[in-house]
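Visitor: Below is the file input-v9.txt, with compact mmCIF, C-alpha atoms (C1' of nucleotides).
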# COMPACT_ATOMS: atom_id res chain seq x y z
CA MET A 1 -12.03 -82.17 -176.72
CA ILE A 2 -8.74 -83.63 -177.82
CA ASN A 3 -6.68 -83.02 -180.96
CA THR A 4 -3.79 -84.48 -182.92
CA ILE A 5 -2.14 -81.30 -184.10
CA LYS A 6 1.18 -82.24 -182.53
CA VAL A 7 1.14 -85.57 -184.38
CA GLU A 8 0.21 -84.00 -187.71
CA ARG A 9 3.04 -81.52 -187.28
CA ALA A 10 5.48 -84.28 -186.47
CA LYS A 11 4.47 -86.20 -189.62
CA ARG A 12 5.43 -83.17 -191.64
CA ASN A 13 8.42 -82.03 -189.57
CA MET A 14 6.70 -78.74 -188.97
CA THR A 15 7.36 -76.50 -185.96
CA GLN A 16 4.69 -74.71 -183.95
CA ALA A 17 6.05 -71.44 -185.30
CA GLU A 18 5.76 -72.61 -188.90
CA LEU A 19 2.18 -73.77 -188.47
CA ALA A 20 1.33 -70.55 -186.64
CA GLU A 21 2.70 -68.50 -189.50
CA GLN A 22 0.72 -70.46 -192.10
CA VAL A 23 -2.59 -69.91 -190.33
CA ASN A 24 -1.76 -66.38 -189.16
CA VAL A 25 -1.79 -66.80 -185.40
CA SER A 26 0.94 -66.56 -182.79
CA ARG A 27 3.17 -69.47 -181.87
CA GLN A 28 1.73 -69.42 -178.35
CA THR A 29 -1.76 -69.88 -179.75
CA ILE A 30 -0.73 -73.12 -181.48
CA ASN A 31 1.06 -74.25 -178.35
CA SER A 32 -1.97 -73.56 -176.17
CA ILE A 33 -4.29 -75.45 -178.51
CA GLU A 34 -1.98 -78.48 -178.65
CA ILE A 35 -1.81 -78.56 -174.88
CA GLY A 36 -5.59 -78.22 -174.60
CA LYS A 37 -5.30 -74.88 -172.85
CA PHE A 38 -7.98 -73.50 -175.11
CA ILE A 39 -10.29 -74.39 -177.94
CA PRO A 40 -9.72 -72.69 -181.29
CA SER A 41 -12.42 -71.00 -183.31
CA THR A 42 -13.92 -73.02 -186.16
CA LEU A 43 -12.17 -70.67 -188.57
CA LEU A 44 -8.80 -71.54 -187.11
CA SER A 45 -9.43 -75.29 -186.91
CA MET A 46 -10.60 -75.27 -190.53
CA LYS A 47 -7.39 -73.51 -191.57
CA ILE A 48 -5.26 -75.96 -189.61
CA ALA A 49 -7.10 -78.92 -191.17
CA GLN A 50 -6.57 -77.47 -194.62
CA ILE A 51 -2.84 -76.99 -194.03
CA PHE A 52 -2.69 -80.68 -193.11
CA ASN A 53 -4.84 -81.69 -196.10
CA THR A 54 -7.39 -83.23 -193.79
CA THR A 55 -10.62 -82.39 -191.98
CA VAL A 56 -11.53 -80.84 -188.67
CA ASN A 57 -13.15 -84.10 -187.57
CA GLU A 58 -9.93 -86.02 -188.32
CA ILE A 59 -7.94 -83.71 -186.07
CA PHE A 60 -10.42 -82.92 -183.29
CA GLU A 61 -12.49 -85.37 -181.31
CA LEU A 62 -15.33 -84.70 -178.91
CA GLU A 63 -15.21 -86.39 -175.54
CA ALA A 64 -18.14 -87.49 -173.40
CA SER A 65 -17.40 -84.71 -170.94
CA ASP A 66 -17.94 -82.12 -173.68
CA TRP A 67 -21.64 -82.95 -173.62
CA LYS A 68 -22.10 -82.46 -169.90
CA LYS A 69 -24.10 -79.38 -168.92
CA MET B 1 -16.63 -68.56 -193.72
CA ILE B 2 -20.07 -69.74 -194.69
CA ASN B 3 -22.25 -72.49 -193.23
CA THR B 4 -25.34 -74.53 -194.03
CA ILE B 5 -26.83 -74.83 -190.56
CA LYS B 6 -30.11 -73.29 -191.67
CA VAL B 7 -30.40 -75.86 -194.47
CA GLU B 8 -29.55 -78.79 -192.21
CA ARG B 9 -32.17 -77.59 -189.75
CA ALA B 10 -34.75 -77.28 -192.50
CA LYS B 11 -34.05 -80.85 -193.67
CA ARG B 12 -34.92 -82.03 -190.18
CA ASN B 13 -37.71 -79.56 -189.42
CA MET B 14 -35.73 -78.32 -186.47
CA THR B 15 -36.07 -74.84 -184.98
CA GLN B 16 -33.18 -72.65 -183.86
CA ALA B 17 -34.40 -73.11 -180.30
CA GLU B 18 -34.38 -76.90 -180.60
CA LEU B 19 -30.86 -76.99 -182.01
CA ALA B 20 -29.70 -74.53 -179.37
CA GLU B 21 -31.08 -76.75 -176.63
CA GLN B 22 -29.38 -79.84 -178.01
CA VAL B 23 -25.95 -78.23 -178.08
CA ASN B 24 -26.48 -76.21 -174.89
CA VAL B 25 -26.26 -72.67 -176.19
CA SER B 26 -28.83 -69.89 -176.43
CA ARG B 27 -31.19 -69.53 -179.38
CA GLN B 28 -29.54 -66.21 -180.25
CA THR B 29 -26.18 -67.91 -180.51
CA ILE B 30 -27.52 -70.27 -183.19
CA ASN B 31 -29.19 -67.37 -184.94
CA SER B 32 -26.01 -65.31 -184.92
CA ILE B 33 -23.97 -68.17 -186.34
CA GLU B 34 -26.48 -68.86 -189.13
CA ILE B 35 -26.46 -65.20 -190.08
CA GLY B 36 -22.65 -65.11 -190.04
CA LYS B 37 -22.59 -62.62 -187.19
CA PHE B 38 -19.96 -64.67 -185.44
CA ILE B 39 -17.89 -67.78 -185.79
CA PRO B 40 -18.52 -70.59 -183.31
CA SER B 41 -15.83 -72.35 -181.34
CA THR B 42 -14.64 -75.69 -182.69
CA LEU B 43 -16.34 -77.36 -179.75
CA LEU B 44 -19.68 -75.91 -180.75
CA SER B 45 -19.31 -76.64 -184.47
CA MET B 46 -18.34 -80.24 -183.65
CA LYS B 47 -21.47 -80.61 -181.54
CA ILE B 48 -23.66 -79.12 -184.25
CA ALA B 49 -22.12 -81.45 -186.84
CA GLN B 50 -22.74 -84.42 -184.59
CA ILE B 51 -26.38 -83.50 -184.07
CA PHE B 52 -26.73 -83.45 -187.85
CA ASN B 53 -24.83 -86.74 -188.24
CA THR B 54 -22.27 -85.05 -190.43
CA THR B 55 -18.89 -83.31 -190.23
CA VAL B 56 -17.69 -79.79 -189.54
CA ASN B 57 -16.26 -79.61 -193.05
CA GLU B 58 -19.62 -80.56 -194.55
CA ILE B 59 -21.32 -77.70 -192.76
CA PHE B 60 -18.66 -74.99 -192.78
CA GLU B 61 -16.66 -73.80 -195.76
CA LEU B 62 -13.64 -71.51 -195.82
CA GLU B 63 -13.71 -68.63 -198.26
CA ALA B 64 -10.75 -67.03 -200.01
CA SER B 65 -11.15 -63.93 -197.85
CA ASP B 66 -10.59 -66.02 -194.72
CA TRP B 67 -6.96 -66.42 -195.74
CA LYS B 68 -6.26 -62.72 -196.18
CA LYS B 69 -4.04 -61.19 -193.51
C1' DA C 1 -57.87 -62.81 -190.12
C1' DA C 2 -56.13 -63.68 -185.75
C1' DA C 3 -53.12 -66.21 -182.65
C1' DA C 4 -49.07 -68.59 -181.92
C1' DA C 5 -44.63 -69.92 -183.10
C1' DA C 6 -40.33 -68.84 -185.10
C1' DT C 7 -36.91 -65.64 -186.42
C1' DG C 8 -34.18 -61.19 -186.44
C1' DT C 9 -31.97 -57.80 -183.85
C1' DA C 10 -29.97 -54.88 -180.23
C1' DA C 11 -27.64 -53.56 -175.94
C1' DA C 12 -25.07 -54.63 -172.01
C1' DC C 13 -22.71 -57.96 -169.87
C1' DT C 14 -19.44 -62.19 -169.02
C1' DA C 15 -16.28 -65.68 -170.63
C1' DT C 16 -12.71 -66.99 -173.34
C1' DA C 17 -9.81 -66.93 -177.60
C1' DC C 18 -5.81 -64.81 -179.14
C1' DT C 19 -1.65 -61.33 -178.91
C1' DT C 20 2.68 -59.61 -177.30
C1' DG C 21 6.72 -59.85 -174.76
C1' DA C 22 9.58 -62.17 -171.89
C1' DC C 23 11.99 -65.93 -169.91
C1' DA C 24 12.84 -70.91 -168.48
C1' DT C 25 13.33 -75.63 -169.98
C1' DT C 26 13.90 -79.21 -173.30
C1' DT C 27 15.42 -81.02 -177.65
C1' DT C 28 18.34 -81.06 -181.74
C1' DG C 29 22.42 -81.00 -184.16
C1' DA C 30 27.09 -79.27 -185.30
C1' DT D 1 29.54 -80.49 -175.16
C1' DC D 2 27.94 -76.22 -176.42
C1' DA D 3 24.84 -73.38 -179.07
C1' DA D 4 20.80 -72.88 -181.35
C1' DA D 5 16.28 -74.08 -182.12
C1' DA D 6 12.02 -75.50 -180.36
C1' DT D 7 8.77 -75.84 -176.75
C1' DG D 8 6.37 -74.62 -172.29
C1' DT D 9 4.54 -71.10 -169.55
C1' DC D 10 3.05 -66.70 -167.44
C1' DA D 11 1.05 -62.11 -167.13
C1' DA D 12 -1.39 -58.35 -168.95
C1' DG D 13 -3.75 -56.70 -172.54
C1' DT D 14 -7.36 -56.75 -176.76
C1' DA D 15 -10.84 -58.94 -179.56
C1' DT D 16 -14.60 -61.61 -180.07
C1' DA D 17 -17.73 -65.56 -178.74
C1' DG D 18 -21.70 -66.43 -176.15
C1' DT D 19 -25.57 -64.98 -172.48
C1' DT D 20 -29.59 -62.61 -170.99
C1' DT D 21 -33.46 -59.74 -171.53
C1' DA D 22 -36.43 -57.63 -174.33
C1' DC D 23 -39.01 -56.47 -178.29
C1' DA D 24 -40.14 -56.16 -183.38
C1' DT D 25 -41.00 -58.68 -187.57
C1' DT D 26 -42.02 -62.69 -190.21
C1' DT D 27 -43.94 -67.23 -190.87
C1' DT D 28 -47.02 -70.85 -189.73
C1' DT D 29 -51.23 -72.70 -188.04
C1' DT D 30 -56.05 -72.69 -186.83
Write the structure described by the file as structure tokens, please.
Guide:
Amino acid sequence: MINTIKVERAKRNMTQAELAEQVNVSRQTINSIEIGKFIPSTLLSMKIAQIFNTTVNEIFELEASDWKK
Amino acid sequence: MINTIKVERAKRNMTQAELAEQVNVSRQTINSIEIGKFIPSTLLSMKIAQIFNTTVNEIFELEASDWKK
DNA sequence: AAAAAATGTAAACTATACTTGACATTTTGA
DNA sequence: TCAAAATGTCAAGTATAGTTTACATTTTTT
């Protein structure tokens, strides 16, 4: 699964630390999600989408490999 | 956070077991999510939304309490 | 009414999201 | 060019998502 968090932040001139603070997680958590190191909970992705005035599906995209067993 | 998975299943006459199989998790996982026992990963909620031909934001809704620290 | 299918729940376990602290590297800007 | 801010990364810990097995309860079907 890929995401455009880094791009959305850039559009708004927002740092990882600022986004982290707004959604109440650590800066490293945002960093790890951007890099694809781990997948956030739906709660967190919903919060991130809301901060960016968009939807989870606009930010995150499933890949074919995500459906492999 | 609340969700309408149970309703979406009902619309399609789909059992928890059938949905679970389609998104590759156990039946208890689907049950637990419907009941609000735990919050799925974004990967799983994206898959569920896709099975229902809809979006994560259509199925899941943030509540005011989700923003409390 | 009885059988079968579906759902709820629980406990013990494994996997992974997320935290904290610390430091190295890169980017920005004065 | 130098300092500060931002980003990348790592390790060790905690919290919680998700599995498996098993069984009880409810709903559906015959």
Visitor: Go through C:DA5, C:DC18, C:DC23, C:DA10 and flag the residue nearest DA22 in chain D, using all atoms listed in the file for the distances.
Guide: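 Checking each of C:DA5, C:DC18, C:DC23, C:DA10 against DA22 in chain D, counting all atoms listed in the file, the winner is C:DA10.
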Visitor: Kindly indicate which residue among A:Asn53, A:Ile33, A:Glu18, A:Glu61 lies nearest to Ile5 in chain A, using only C-alpha atoms for the distances.
Guide: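 Smallest separation from Ile5 in chain A among the options: A:Ile33.
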Visitor: Pull out every residue of chain D sitting within 9 Å of chain A, counting only C-alpha atoms (C1' of nucleotides), and send them as JSON, numbers by chain.
Guide: {"D": [6, 7, 8, 17]}
Visitor: Just want the 12 Å neighbourhood of DA15 in chain C, counted on only C-alpha atoms (C1' of nucleotides), with same-chain residues fewer than 6 positions away dropped. Output as a list in words.
Guide: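 Counting only the stated atoms, we get DT16, DA17, DG18 and DT19 of chain D.
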Visitor: If you keep C-alpha atoms (C1' of nucleotides), can you produce a file of those selected residues as a PDB file, keeping the file's coordinate frame?
Guide:
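Saved file again-v5.pdb follows:
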ATOM      1  C1'  DT D  16     -14.600 -61.610-180.070  1.00  0.00           C
ATOM      2  C1'  DA D  17     -17.730 -65.560-178.740  1.00  0.00           C
ATOM      3  C1'  DG D  18     -21.700 -66.430-176.150  1.00  0.00           C
ATOM      4  C1'  DT D  19     -25.570 -64.980-172.480  1.00  0.00           C
TER       5       DT D  19
END
Visitor: For a test of reading the model, state the distance in Å between C1' of DA11 in chain C and CA of Gln22 in chain B, rounded to one decimal.
Guide: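 Computing the Euclidean distance for C1' of DA11 in chain C and CA of Gln22 in chain B yields 26.4 Å.
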Visitor: Pick out the chain C residues within 10 Å of chain B. Count all atoms listed in the file. Give them as a VMD selection string.
Guide: chain C and resid 6 to 9 17
Visitor: Thr4 in chain A: which residues within 9 Å, counting only C-alpha atoms (C1' of nucleotides), same-chain residues fewer than 5 positions away excluded, as a PyMOL selection string?
Guide: chain A and resi 9+34+58-61
Visitor: As a ChimeraX atom specification, could you give me every residue of chain A near chain B (at most 9 Å apart, counting all atoms listed in the file)?
Guide: /A:1,23-24,39-47,55-57,60-62,66-67,69
Visitor: If the box runs along x, y and z of the file and leaves 8 Å on each side of range 5-22 of chain D, what are its centre and edge lengths in Å, one decimal, as JSON?
Guide:
{"center_x": -10.1, "center_y": -66.3, "center_z": -174.6, "size_x": 68.7, "size_y": 35.1, "size_z": 31.0}
Visitor: Write out as a list in words the residues lying within 9 Å of Glu8 in chain B, counting only C-alpha atoms (C1' of nucleotides) and excluding same-chain residues fewer than 5 positions away.
Guide: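 With the cut-off at 9 Å, the set is Asn13, Met14, Phe52 and Ile59 of chain B.
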Visitor: Would you save the residues of that selection, restricted to C-alpha atoms, as a CSV table (one decimal), keeping the file's coordinate frame?
Guide:
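The resulting part_33.csv:
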chain,number,residue,atom,x,y,z
B,13,ASN,CA,-37.7,-79.6,-189.4
B,14,MET,CA,-35.7,-78.3,-186.5
B,52,PHE,CA,-26.7,-83.4,-187.8
B,59,ILE,CA,-21.3,-77.7,-192.8
Visitor: May I ask which of the residues C:DA2, C:DT19, C:DT27, C:DA12 is the closest one to DT29 in chain D, counting all atoms listed in the file?
Guide: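 Smallest separation from DT29 in chain D among the options: C:DA2.
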Visitor: One decimal, in Å: what's the spacing between C1' of DT20 in chain D and CA of Asn3 in chain B?
Guide: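 Straight-line distance from C1' of DT20 in chain D to CA of Asn3 in chain B works out to 25.4 Å.
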Visitor: Which distance in Å separates C1' of DT9 in chain D and C1' of DT16 in chain C, to one decimal?
Guide: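 C1' of DT9 in chain D sits 18.1 Å away from C1' of DT16 in chain C.
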